[in-house]
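Structure first, commentary second.
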Amino acid sequence: MTGRIFQGKDLTASQTIEADVCIIGSGCGGATLAKQLSAAGRSVVILERGGYYTEADFDQDELNMNGKLSSNRSLKSSADGGTLLLSGNNVGGASVHYWADTYRTPDDRLAHWAQRYGLTGHGLAELAPAWTELDGVLNVHRADEDHHNRMNQLLRAGAQKLGWAGSAVPQARRGCVKSGHCMQGCLYAAKQSQLVTHIPQAVALGARLYADVQARTLQFQTGQQDKVQSLLCDVMDRATNRPSGKQLTVQAQQFVVAAGGYYSAPFLIANGLQSRLPALGQHFGMNPTAWAFGLYDEDIVLWRNIPAAFGVEEFRLARFDAAKKYTEGGYLLMANQVQPGSLAGTMPLLGDEIGEWMGQAKRIGSTIIWLDDYEEELGTIGVGSDGSPKVEYPYGPVTQAMLRDSLKKQVTMLFATGAKKVLLGSAQRILLDKPGDLSAIDSIAITAGGLFMAAPHPFGGCRMGTDPKTSVVGMNHRVHGFSNLFVADPSVFPTGPSVDPSFTIMAFSYVAAKHMLAA
Amino acid sequence: MHALRSPASLDWHGLGRRRFLRLLTTIGATAVAGSLVTACGNATSGPLRLLVLSPSQATTLAALAQAVVPSQPGFPNVAQAQVVQRLDEELWLSDSSIQDDLRAALGALEWMPLAYGHFTRFSRLATFEQQALIQRWMESRFDLVRAIATNLKLVAHFMYFGHPSTWGAIGYDGPFQKLPPILSEQRKAYAQRIAGGAQ
């Protein structure tokens with residue numbers, strides 16, 4: 001039986017639907033789970049708050065596509081105003097605008113999760129078969145030479161020169177034309193997002209997907225607090241991005257929250273679960289980024305070809321001395337890729353000085369780091385006054401040291417690759433014309449706008465564990481104390497995976513599917 | 001370990017973030033009462049119909065945007081790049097907390113010069129004074145002041161350099177294969193409301 005994708009405009013009146021499983025969210029977690037459960041014969045309904053945009057809607061314009069694909073137009077920030085919170089708001093979720101980096105969770109991180117946080121059933125033995133299958137589904141392969149743009153070539157040469165370990169980044173692509181518009185959605189359906197993989201596969205297996213539908217209220221069975229009976233949703237008017245007044249009610253045997261790291265914990269908090277689960281909204285991280293720019297004597301053209309073909313992995317894990325004092329590392333260092341609005345927006349230059357740099361935009365190179373959130377300094381996620389996520393992230397002393405170290409390494413890399421000037425992505429204007437004294441970086445404010453930062457990889461808030469006092473879901477992804485409520489997205493991670501999270505999320509959904517089928 | 005930074009670190013002279021923004025905005029609204037100007041003044045080509053930003057907020061935004069964008073030949077001004085209109089559109093489609101924060105930030109920015117040795121509001125300063133203040137605020141030791149300046153600068157540049165009128169000056173060849181824009185139903189809805197005068 002073939003399913004269907006419904007949009008808000010298809011729902012002309014309030015209605016009630018039934019399914020075996022209701023999944024909130026259509027990103028890497030929800031779509032993968034939907035495909036797995038549909039393949040096992042379950043009747044699946046997927047709810048997506050955002051719109052259904054396909055290649056026919058992708059014009060590759062930076063602002064237009066930001067509006068179609070990004071939650072809150074990428075204008076939402078952490079509570080201190082310092083970090084932009086990036087997530088998807090469309091069928092396929094953030095995978096439609098992600099960079100397609102497809103790392104398996106490193107062995108050391110899986111071992112750490114098992115040893116420190118007691119995770120079971122999510123080790124290499126359980127995840128590797130999923131990745132083997134997913135390698136085929138997503139055509140995962142290392143970036144070839146043709147897909148290294150000039151910035152990635154420079155990064156690779158710089159890493160070799162500096163003796164920093166790195167390698168070609170695994171990519172989820174099929175027939176990439178090197179447009180450089182990964183973040184604007186791939187018009188060519190080459191990037192293997194959920195929109196072109198698990199979503200159509202699940203629908204072909206009978207799943208029904210409802211776009212423009214915002215999950216709102218879980219209704220619990222009368223007299224009991226341990227079973228969800230139904231879910232009330234608002235049908236959104238996509239044109240105004242506001243509730244239409246129509247409702248969709250979903251009755252199902254199992255409910256899964258897979259709304260992503262920025263929305264799953266707030267959804268459960270808004271439904272009153274925090275009083276029973278004090279860890280809900282805790283242990284939150286978001287993989288903050290920091291970047292630097294270099295001005296070269298040659299054309300770099302940051303905005304074409306794939307974003308991260310080469311990755312410097314030398315500093316993925318933070319290093320500490322014998323006294324357990326932080327020394328360096330704790331991030332992946334990549335080539336940056338941005339279109340002009342984002343490029344200029346994140347430079348601390350004004351007036352004619354930004355004109356001088358942007359007038360040579362083709363010659364601007366850039367690096368970016370993805371911070372592996374320090375697990376002793378994680379933040380919280382809650383619900384703001386208007387119902388939207390509220391992120392409090394402390395940027396503690398070790399986190400600040402990691403970010404400063406990452407800036408110094410980026411400056412070193414950019415000069416090593418021939419940059420004539422290097423500009424930091426900090427609010428404080430730090431423009432260097434030669435390598436050497438980097439002490440100015442030590443005085444940069446990190447919090448609240450001190451660095452231009454974005455956070456595209458949230459995790460935590462529904463941490464996995466065995467104790468309901470310190471975790472939210474068990475090893476079977478089921479919310480503690482509830483018989484039919486599950487979470488399947490990065491909210492369950494105990495820490496960040498130290499690499500792009502998409503492949504970890506998908507593999508975890510394979511595990512979640514097995515438990516749900518056995519329940 | 002979560003509370004590494006006290007909530008007070010978000011304060012400015014002991015005022016909470018929201019209280020501080022409300023206070024500055026209230027002072028500004030009082031001072032400007034009766035003298036509201038048509039949106040955007042000299043930085044735009046004429047009156048703008050907006051859905052989220054007030055005329056005074058639009059004036060402040062236009063002034064800020066014009067101060068942070070290039071003035072060299074070949075670059076458009078903020079009116080030509082439709083910075084104010086586009087941000088208003090993006091805000092109209094965003095959560096109310098984002099609208100509130102951006103409006104409050106503009107209100108605060110307009111009156112912050114009074115605390116920095118100027119006896120007039122931001123939009124009435126000379127461009128070089130505006131630039132000096134923005135740079136100073138971006139490097140402020142006060143979290144809230146820094147956040148206001150950096151975020152407003154960021155969105156102004158994002159809207160400006162995202163507009164096709166700027167691309168020729170920077171050597172950007174536009175979307176791959178030079179596809180024409182495909183307006184979303186949201187962009188069309190905003191345009192219809194602007195054209196029809198609806199709120």
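Labeling convention for the structure tokens: chains A, B, ... as they appear, residues from 1 per chain, ligands from 1 in order of appearance.
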For the contact check between chain B and chain A, emit one row per residue of chain B within 7 Å, containing the shortest atom pair and the distance in Å rounded to one decimal, counting only C-alpha atoms, chain then rising number order, as JSON lines.
```
{"residue": "B:Met1", "atom": "CA", "partner": "A:Glu377", "partner_atom": "CA", "distance": 6.0}
{"residue": "B:His2", "atom": "CA", "partner": "A:Gly379", "partner_atom": "CA", "distance": 5.9}
{"residue": "B:Ala3", "atom": "CA", "partner": "A:Pro394", "partner_atom": "CA", "distance": 6.8}
{"residue": "B:Leu4", "atom": "CA", "partner": "A:Gly396", "partner_atom": "CA", "distance": 5.8}
{"residue": "B:Arg5", "atom": "CA", "partner": "A:Pro394", "partner_atom": "CA", "distance": 5.9}
{"residue": "B:Leu10", "atom": "CA", "partner": "A:Asp80", "partner_atom": "CA", "distance": 6.9}
{"residue": "B:Ala67", "atom": "CA", "partner": "A:Gly351", "partner_atom": "CA", "distance": 6.1}
{"residue": "B:Val68", "atom": "CA", "partner": "A:Leu350", "partner_atom": "CA", "distance": 4.5}
{"residue": "B:Val69", "atom": "CA", "partner": "A:Gly351", "partner_atom": "CA", "distance": 4.6}
{"residue": "B:Pro70", "atom": "CA", "partner": "A:Gly351", "partner_atom": "CA", "distance": 4.3}
{"residue": "B:Ser71", "atom": "CA", "partner": "A:Asp352", "partner_atom": "CA", "distance": 5.9}
{"residue": "B:Gln72", "atom": "CA", "partner": "A:Asp352", "partner_atom": "CA", "distance": 6.5}
{"residue": "B:Glu90", "atom": "CA", "partner": "A:Arg73", "partner_atom": "CA", "distance": 6.6}
{"residue": "B:Leu93", "atom": "CA", "partner": "A:Asn241", "partner_atom": "CA", "distance": 5.9}
{"residue": "B:Ser94", "atom": "CA", "partner": "A:Asn72", "partner_atom": "CA", "distance": 5.0}
{"residue": "B:Asp95", "atom": "CA", "partner": "A:Asn72", "partner_atom": "CA", "distance": 6.6}
{"residue": "B:Ser96", "atom": "CA", "partner": "A:Asp386", "partner_atom": "CA", "distance": 6.6}
{"residue": "B:Ser97", "atom": "CA", "partner": "A:Asp386", "partner_atom": "CA", "distance": 6.2}
{"residue": "B:Ile98", "atom": "CA", "partner": "A:Lys76", "partner_atom": "CA", "distance": 6.4}
{"residue": "B:Gln131", "atom": "CA", "partner": "A:Leu350", "partner_atom": "CA", "distance": 7.0}
{"residue": "B:Met138", "atom": "CA", "partner": "A:Ala427", "partner_atom": "CA", "distance": 5.4}
{"residue": "B:Glu139", "atom": "CA", "partner": "A:Gln428", "partner_atom": "CA", "distance": 5.1}
{"residue": "B:Asp143", "atom": "CA", "partner": "A:Ala448", "partner_atom": "CA", "distance": 5.3}
{"residue": "B:Leu144", "atom": "CA", "partner": "A:Ala448", "partner_atom": "CA", "distance": 7.0}
{"residue": "B:Arg146", "atom": "CA", "partner": "A:Gly449", "partner_atom": "CA", "distance": 5.8}
{"residue": "B:Ala147", "atom": "CA", "partner": "A:Gly449", "partner_atom": "CA", "distance": 4.6}
{"residue": "B:Thr150", "atom": "CA", "partner": "A:Gly449", "partner_atom": "CA", "distance": 5.9}
{"residue": "B:Leu154", "atom": "CA", "partner": "A:Gly345", "partner_atom": "CA", "distance": 4.3}
{"residue": "B:Val155", "atom": "CA", "partner": "A:Gly345", "partner_atom": "CA", "distance": 6.6}
{"residue": "B:His157", "atom": "CA", "partner": "A:Gly345", "partner_atom": "CA", "distance": 4.8}
{"residue": "B:Phe158", "atom": "CA", "partner": "A:Gly341", "partner_atom": "CA", "distance": 4.0}
{"residue": "B:Met159", "atom": "CA", "partner": "A:Gly341", "partner_atom": "CA", "distance": 6.5}
{"residue": "B:Tyr160", "atom": "CA", "partner": "A:Gly341", "partner_atom": "CA", "distance": 6.9}
{"residue": "B:Phe161", "atom": "CA", "partner": "A:Gly341", "partner_atom": "CA", "distance": 4.5}
{"residue": "B:Gly162", "atom": "CA", "partner": "A:Gly341", "partner_atom": "CA", "distance": 4.5}
{"residue": "B:Ala169", "atom": "CA", "partner": "A:Gly359", "partner_atom": "CA", "distance": 6.1}
{"residue": "B:Ile170", "atom": "CA", "partner": "A:Gly359", "partner_atom": "CA", "distance": 4.3}
{"residue": "B:Gly171", "atom": "CA", "partner": "A:Ala361", "partner_atom": "CA", "distance": 6.7}
{"residue": "B:Pro175", "atom": "CA", "partner": "A:Gln60", "partner_atom": "CA", "distance": 5.3}
{"residue": "B:Phe176", "atom": "CA", "partner": "A:Ser179", "partner_atom": "CA", "distance": 5.6}
{"residue": "B:Leu179", "atom": "CA", "partner": "A:Asp59", "partner_atom": "CA", "distance": 6.0}
{"residue": "B:Pro180", "atom": "CA", "partner": "A:Asp59", "partner_atom": "CA", "distance": 6.7}
{"residue": "B:Pro181", "atom": "CA", "partner": "A:Asp59", "partner_atom": "CA", "distance": 5.6}
{"residue": "B:Ile182", "atom": "CA", "partner": "A:Asp59", "partner_atom": "CA", "distance": 5.6}
{"residue": "B:Glu185", "atom": "CA", "partner": "A:Ala239", "partner_atom": "CA", "distance": 5.1}
{"residue": "B:Gln186", "atom": "CA", "partner": "A:Ala239", "partner_atom": "CA", "distance": 4.2}
{"residue": "B:Ala189", "atom": "CA", "partner": "A:Ala239", "partner_atom": "CA", "distance": 5.8}
```
List every residue of range 71-180 of chain A that DSSP, applied to the backbone of this structure, places in strand (DSSP E or B), and write the result as number ranges by chain.
-> A: 77, 83-85, 88, 90, 101, 140-142, 166-168, 170-173
Got time to write the residues from that selection, C-alpha atoms, as a short mmCIF file (atom, residue, chain, number, x, y, z; two decimals), in the first residue's frame?
```cif
data_model
loop_
_atom_site.label_atom_id
_atom_site.label_comp_id
_atom_site.auth_asym_id
_atom_site.auth_seq_id
_atom_site.Cartn_x
_atom_site.Cartn_y
_atom_site.Cartn_z
CA SER A 77 19.30 32.71 19.24
CA THR A 83 24.48 31.89 19.36
CA LEU A 84 22.14 31.38 16.43
CA LEU A 85 20.15 28.17 16.73
CA GLY A 88 15.20 22.54 9.82
CA ASN A 90 10.48 21.34 6.44
CA ASP A 101 29.06 14.98 6.24
CA VAL A 140 28.17 7.20 1.52
CA HIS A 141 31.69 7.63 0.15
CA ARG A 142 34.78 9.68 0.82
CA GLY A 166 42.95 14.66 8.57
CA SER A 167 41.16 12.85 5.79
CA ALA A 168 38.54 13.13 3.10
CA PRO A 170 32.49 10.78 4.12
CA GLN A 171 29.69 12.21 2.02
CA ALA A 172 26.05 11.22 1.44
CA ARG A 173 25.76 12.20 -2.21
#
```
Self-check item: Straight-line distance linking CA of Pro278 in chain A with CA of Pro468 in chain A, stated in Å to one decimal
Solution: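 So the two atoms, CA of Pro278 in chain A and CA of Pro468 in chain A, lie 7.9 Å apart.
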Spatial neighbours of range 84-87 of chain B, max dist 12 Å, only C-alpha atoms, sep filter under 5 positions, as number ranges by chain:
A: 63-64, 67, 73-75; B: 39-41, 43-66, 77-79, 92-94, 98-99, 102-103, 152, 154-163, 187, 190-191, 194
Review point. Just asking: which residues within range 207-433 of chain A are alpha helix (DSSP H) according to DSSP, as a ChimeraX atom specification?
Key: /A:264-270,340-345,351-358,397-416
Atoms kept (C-alpha atoms) for selection, written as a compact mmCIF listing (two decimals), in the first residue's frame:
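After the write, result_24.txt holds the following:
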```txt
# COMPACT_ATOMS: atom_id res chain seq x y z
CA SER A 264 11.81 17.40 21.45
CA ALA A 265 12.62 18.30 25.05
CA PRO A 266 10.60 21.56 24.91
CA PHE A 267 7.63 19.61 23.53
CA LEU A 268 7.72 17.18 26.44
CA ILE A 269 8.25 20.00 28.93
CA ALA A 270 5.26 21.86 27.49
CA PRO A 340 27.45 36.17 0.56
CA GLY A 341 24.88 37.15 3.19
CA SER A 342 26.28 34.76 5.77
CA LEU A 343 29.83 35.59 4.78
CA ALA A 344 29.49 39.31 5.40
CA GLY A 345 27.15 38.89 8.34
CA GLY A 351 31.15 50.37 6.16
CA ASP A 352 33.85 50.67 3.55
CA GLU A 353 36.02 48.09 5.27
CA ILE A 354 33.41 45.38 4.70
CA GLY A 355 33.18 46.78 1.19
CA GLU A 356 36.92 46.27 0.68
CA TRP A 357 36.72 42.65 1.80
CA MET A 358 33.47 41.77 0.07
CA PRO A 397 35.83 28.19 31.24
CA VAL A 398 36.93 25.03 29.45
CA THR A 399 34.50 25.68 26.62
CA GLN A 400 35.91 29.17 26.26
CA ALA A 401 39.44 27.80 26.24
CA MET A 402 38.47 25.33 23.54
CA LEU A 403 37.01 28.06 21.37
CA ARG A 404 40.08 30.26 21.81
CA ASP A 405 42.35 27.36 20.96
CA SER A 406 40.26 26.68 17.87
CA LEU A 407 40.66 30.27 16.72
CA LYS A 408 44.42 30.08 17.14
CA LYS A 409 44.56 26.87 15.15
CA GLN A 410 42.43 28.41 12.42
CA VAL A 411 44.71 31.44 12.20
CA THR A 412 47.70 29.11 11.97
CA MET A 413 46.02 27.09 9.25
CA LEU A 414 44.97 30.10 7.17
CA PHE A 415 48.45 31.62 7.20
CA ALA A 416 50.00 28.23 6.49
```
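Take CA of Leu205 in chain A and CA of Gly175 in chain A: the distance between them is 25.3 Å.
In this structure, CA of His515 in chain A sits 25.9 Å away from CA of Gln214 in chain A.
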Using only C-alpha atoms, which protein or nucleic acid residues come within 7 Å of Gly260 in chain A? Drop anything in the same chain fewer than 4 positions from it, and give the result as a tab-separated table (two decimals) with N, CA, C and O atoms, in the first residue's frame.
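That gives us part-v4.tsv:
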```tsv
chain	number	residue	atom	x	y	z
A	264	SER	N	12.38	18.56	20.76
A	264	SER	CA	11.81	17.40	21.45
A	264	SER	C	11.65	17.64	22.95
A	264	SER	O	10.57	17.44	23.52
A	489	ASP	N	15.84	10.81	18.40
A	489	ASP	CA	16.61	11.88	17.75
A	489	ASP	C	17.80	12.21	18.65
A	489	ASP	O	17.99	11.55	19.68
A	490	PRO	N	18.61	13.22	18.33
A	490	PRO	CA	19.81	13.46	19.14
A	490	PRO	C	19.53	13.92	20.55
A	490	PRO	O	20.47	14.04	21.36
A	491	SER	N	18.28	14.18	20.88
A	491	SER	CA	17.95	14.54	22.26
A	491	SER	C	18.38	13.48	23.25
A	491	SER	O	18.63	13.77	24.42
```
- Within 12 Å of Cys22 in chain A, counting only C-alpha atoms, which residues show up once you throw out same-chain ones fewer than 4 positions away? Write them as a ChimeraX atom specification, please. /A:17-18,26,30-31,33-34,37-38,42-48,207-210,215,218,228-233,249-258,484-487,516
